[in-house]
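Below: one structure, written as structure tokens.
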Amino acid sequence: MQDDIITLRVVRRDAHTNEIAVIDLAAVDGGELPAFEAGSHIDIHLDDGMIRQYSLSNPPGERHRYRLGVLLDPASRGGSQAVHERLHEGTEVKVSVPRNLFPLDESAPHSLLLGGGIGITPMIAMAYALQAEGRSFELHYCCRSREKAAFIDELESTFGDALVLHFDDGEPSQHLHIETVLAAQPADTHLYVCGPTGFMDWVIGVTQKVDWPKPRVHSEYFTAEVDTSGAAFEVEAVASGVTVQVEEGMSIAQALKAAGVKVNVSCEEGVCGTCISEVLEGVPDHRDHFLSDEEKEDNDQIAVCCSRAKTPRLVIDI
Ligand code: FES
């Protein structure tokens with residue numbers, strides 16, 4: 001995996017609003033970066049073993065930089081604060097090569113891109129990609145106010161009529177009326193949504209209410225609440241020969257780590273997929289946003305950073 005880690009340098013940092021840092025990372029030697037597709041993210045390796053995912057927001061054809069937009073989120077577990085405090089122009093930082101868990105569907109005749117707050121970042125790269133390919137799309141950006149909106153000048157000048165802005169403090173008529181927007185879409189439109197959990201749950205909930213086909217709904221949670229409530233259970237990590245008790249309030253990963261088992265985790269919020277492990281016995285209580293509904297129904301994989309057990313015992317391949 002270490003082969004996938006590269007050291008980059010912050011070559012530019014701009015404040016978009018007082019809460020959002022827009023950061024350009026480039027190769028230390030100024031050379032070309034690994035290519036990325038729209039929807040990709042990179043893992044930023046911060047000190048203390050903290051790893052956080054950030055979507056790339058620049059045009060996917062670019063090879064000279066990866067551009068991130070990082071919201072200083074007081075509710076976060078320290079990742080965004082560490083980025084804001086430590087990544088200044090000239091700072092070197094270890095990152096993963098880009099990974100795409102949120103790709104565009106190449107067959108879509110029209111793409112509906114919905115970004116809530118800082119969830120606009122992957123949508124910008126998607127809009128650039130669709131525009132470059134001459135494909136039909138519309139980009140909706142929901143924000144608390146124009147003052148709190150990052151990238152706004154660039155979006156307005158680049159995407160013109162394909163951009164629809166929705167400000168919470170604006171006229172009710174310009175708020176996002178998601179049912180109306182969905183009803184107006186051409187046949188076979190694919191929807192992409194990213195933003196705060198409440199925003200995404202709302203949009204996805206409406207798609208379910210109006211029977212929008214699930215294969216045409218694409219989402220990426222960049223942060224999520226982890227619910228570790230529920231009864232204690234036992235986990236046997238067969239490959240390690242270790243059995244642990246997972247108490248309420250702790251995760252399987254934490255219990256295994258405390259017992260000396262190496263567990264690969266990244267986001268620790270059930271959104272990135274790094275910790276997915278095979279389930280050999282028992283029934284998981286899935287609490288992640290990474291596995292699809294179908295994968296969850298199969299019950300043969302589990303996100304050990306957040307999911308729990310419906311049975312008193314789980315056997316997993318760690
Ligand atoms: S570590 Fe990201 S899903 Fe578990």
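FYI, nothing fancy with the structure tokens labels: chains A, B, ... in order, residues from 1 per chain, ligands from 1 as they appear.
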request  = Quick one: pick out all strand (DSSP E) residues within range 58-132 of chain A from a backbone DSSP run and write them as a list in words.
outcome  = Tyr66, Arg67, Leu68, Gly69, Val70, Leu71, Glu92, Val93, Lys94, Val95, Ser96, Arg99, Asn100, His110, Ser111, Leu112, Leu113, Leu114, Gly115 and Gly116 of chain A
What would the file look like if the residues just selected were written as a PDB file, in the first residue's frame with C-alpha atoms?
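New file result.pdb:
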```pdb
ATOM      1  CA  TYR A  66      -4.914  18.282  -6.941  1.00  0.00           C
ATOM      2  CA  ARG A  67      -7.274  20.919  -5.600  1.00  0.00           C
ATOM      3  CA  LEU A  68      -9.114  20.375  -2.322  1.00  0.00           C
ATOM      4  CA  GLY A  69     -11.747  22.404  -0.536  1.00  0.00           C
ATOM      5  CA  VAL A  70     -11.603  21.871   3.224  1.00  0.00           C
ATOM      6  CA  LEU A  71     -14.319  23.167   5.526  1.00  0.00           C
ATOM      7  CA  GLU A  92       4.815  18.834   2.420  1.00  0.00           C
ATOM      8  CA  VAL A  93       2.209  16.196   3.109  1.00  0.00           C
ATOM      9  CA  LYS A  94       1.773  12.511   2.418  1.00  0.00           C
ATOM     10  CA  VAL A  95      -1.303  11.595   0.408  1.00  0.00           C
ATOM     11  CA  SER A  96      -2.670   8.519  -1.309  1.00  0.00           C
ATOM     12  CA  ARG A  99      -9.198   6.668  -5.682  1.00  0.00           C
ATOM     13  CA  ASN A 100     -12.644   6.876  -7.255  1.00  0.00           C
ATOM     14  CA  HIS A 110     -28.264  13.714 -18.465  1.00  0.00           C
ATOM     15  CA  SER A 111     -26.609  14.124 -15.071  1.00  0.00           C
ATOM     16  CA  LEU A 112     -28.135  15.951 -12.128  1.00  0.00           C
ATOM     17  CA  LEU A 113     -25.380  17.061  -9.753  1.00  0.00           C
ATOM     18  CA  LEU A 114     -26.441  18.155  -6.263  1.00  0.00           C
ATOM     19  CA  GLY A 115     -23.844  19.612  -3.901  1.00  0.00           C
ATOM     20  CA  GLY A 116     -24.693  20.705  -0.370  1.00  0.00           C
TER      21      GLY A 116
END
```
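Using only C-alpha atoms and all ligand atoms, residues with at least one atom at most 7 Å away from any atom of ligand 1 are Val265, Ser266, Cys267, Glu268, Glu269, Gly270, Val271, Cys272, Gly273, Thr274, Cys275, Ile276, Asp288, Phe290, Ala303, Val304, Cys305 and Cys306 of chain A.
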Dump C-alpha atoms for the selected residues as a short mmCIF file (atom, residue, chain, number, x, y, z; two decimals), in the first residue's frame?
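Below is the file again_38.cif, written as the result:
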```cif
data_model
loop_
_atom_site.label_atom_id
_atom_site.label_comp_id
_atom_site.auth_asym_id
_atom_site.auth_seq_id
_atom_site.Cartn_x
_atom_site.Cartn_y
_atom_site.Cartn_z
CA VAL A 265 -8.85 2.04 9.07
CA SER A 266 -9.01 5.45 7.51
CA CYS A 267 -12.14 7.57 7.95
CA GLU A 268 -13.43 5.62 11.00
CA GLU A 269 -16.90 6.89 10.07
CA GLY A 270 -18.11 4.17 7.72
CA VAL A 271 -17.69 6.19 4.53
CA CYS A 272 -14.42 5.21 2.88
CA GLY A 273 -14.41 1.39 2.72
CA THR A 274 -10.82 0.92 3.99
CA CYS A 275 -11.87 -1.31 6.87
CA ILE A 276 -14.28 -3.61 5.02
CA ASP A 288 -21.83 2.31 7.40
CA PHE A 290 -20.13 2.58 2.13
CA ALA A 303 -17.19 -2.10 8.07
CA VAL A 304 -15.40 -2.81 11.34
CA CYS A 305 -14.92 0.87 12.15
CA CYS A 306 -18.60 1.40 12.87
#
```
inquiry  = At a cut-off of 10 Å, using only C-alpha atoms, what residues contact Gly31 in chain A? Leave out same-chain residues fewer than 3 positions from it and give the result as a PyMOL selection string.
reply    = chain A and resi 26-28+34+63-65
inquiry  = Would you pick out the contacts of Leu155 in chain A at 10 Å or less, using only C-alpha atoms, so that residues sharing its chain but fewer than 6 positions from it are not included, and give the list as a list in words?
reply    = Ile124, Ala127, Tyr128, Leu139, Tyr141, Ala162, Leu163, Val164 and Leu165 of chain A
message = Please report the interatomic distance between CA of Val235 in chain A and CA of Glu278 in chain A in Å with one decimal.
response = 12.4 Å
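With distances restricted to only C-alpha atoms, A:Gly119 is the closest residue to Gly198 in chain A from A:Thr228, A:Glu85, A:Gly119, A:Ile23.
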Closest atom pairs, range 44-125 of chain A residues within 9 Å of range 212-222 of chain A, only C-alpha atoms, as CSV:
```
residue,atom,partner,partner_atom,distance
A:Gln53,CA,A:Phe222,CA,7.3
A:Tyr54,CA,A:Phe222,CA,7.8
A:Ser55,CA,A:Phe222,CA,8.6
A:Leu101,CA,A:Glu220,CA,7.9
A:Phe102,CA,A:Glu220,CA,6.4
A:Pro103,CA,A:His218,CA,8.5
A:Leu104,CA,A:His218,CA,8.5
A:Asp105,CA,A:Arg216,CA,8.6
A:Ala108,CA,A:Arg216,CA,8.7
A:Gly119,CA,A:Phe222,CA,7.8
```
query = Which of these, A:Ala82, A:Leu46, A:Ala125, A:Ala309, has the shortest distance to Glu247 in chain A once you count only C-alpha atoms?
reply = A:Ala309
query = So which residues touch Thr91 in chain A within 7 Å, counting only C-alpha atoms, skipping near sequence neighbours fewer than 3 positions away, as an NGL selection string?
reply = :A and (9-10 or 87-88)
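One finds CA of Glu281 in chain A at 10.4 Å from CA of Gln301 in chain A.
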task = Would you please work out which residue, of A:Asn264, A:Asn58, A:Ser40, A:Ser80, is nearest to Ile20 in chain A when using only C-alpha atoms?
result = A:Ser80
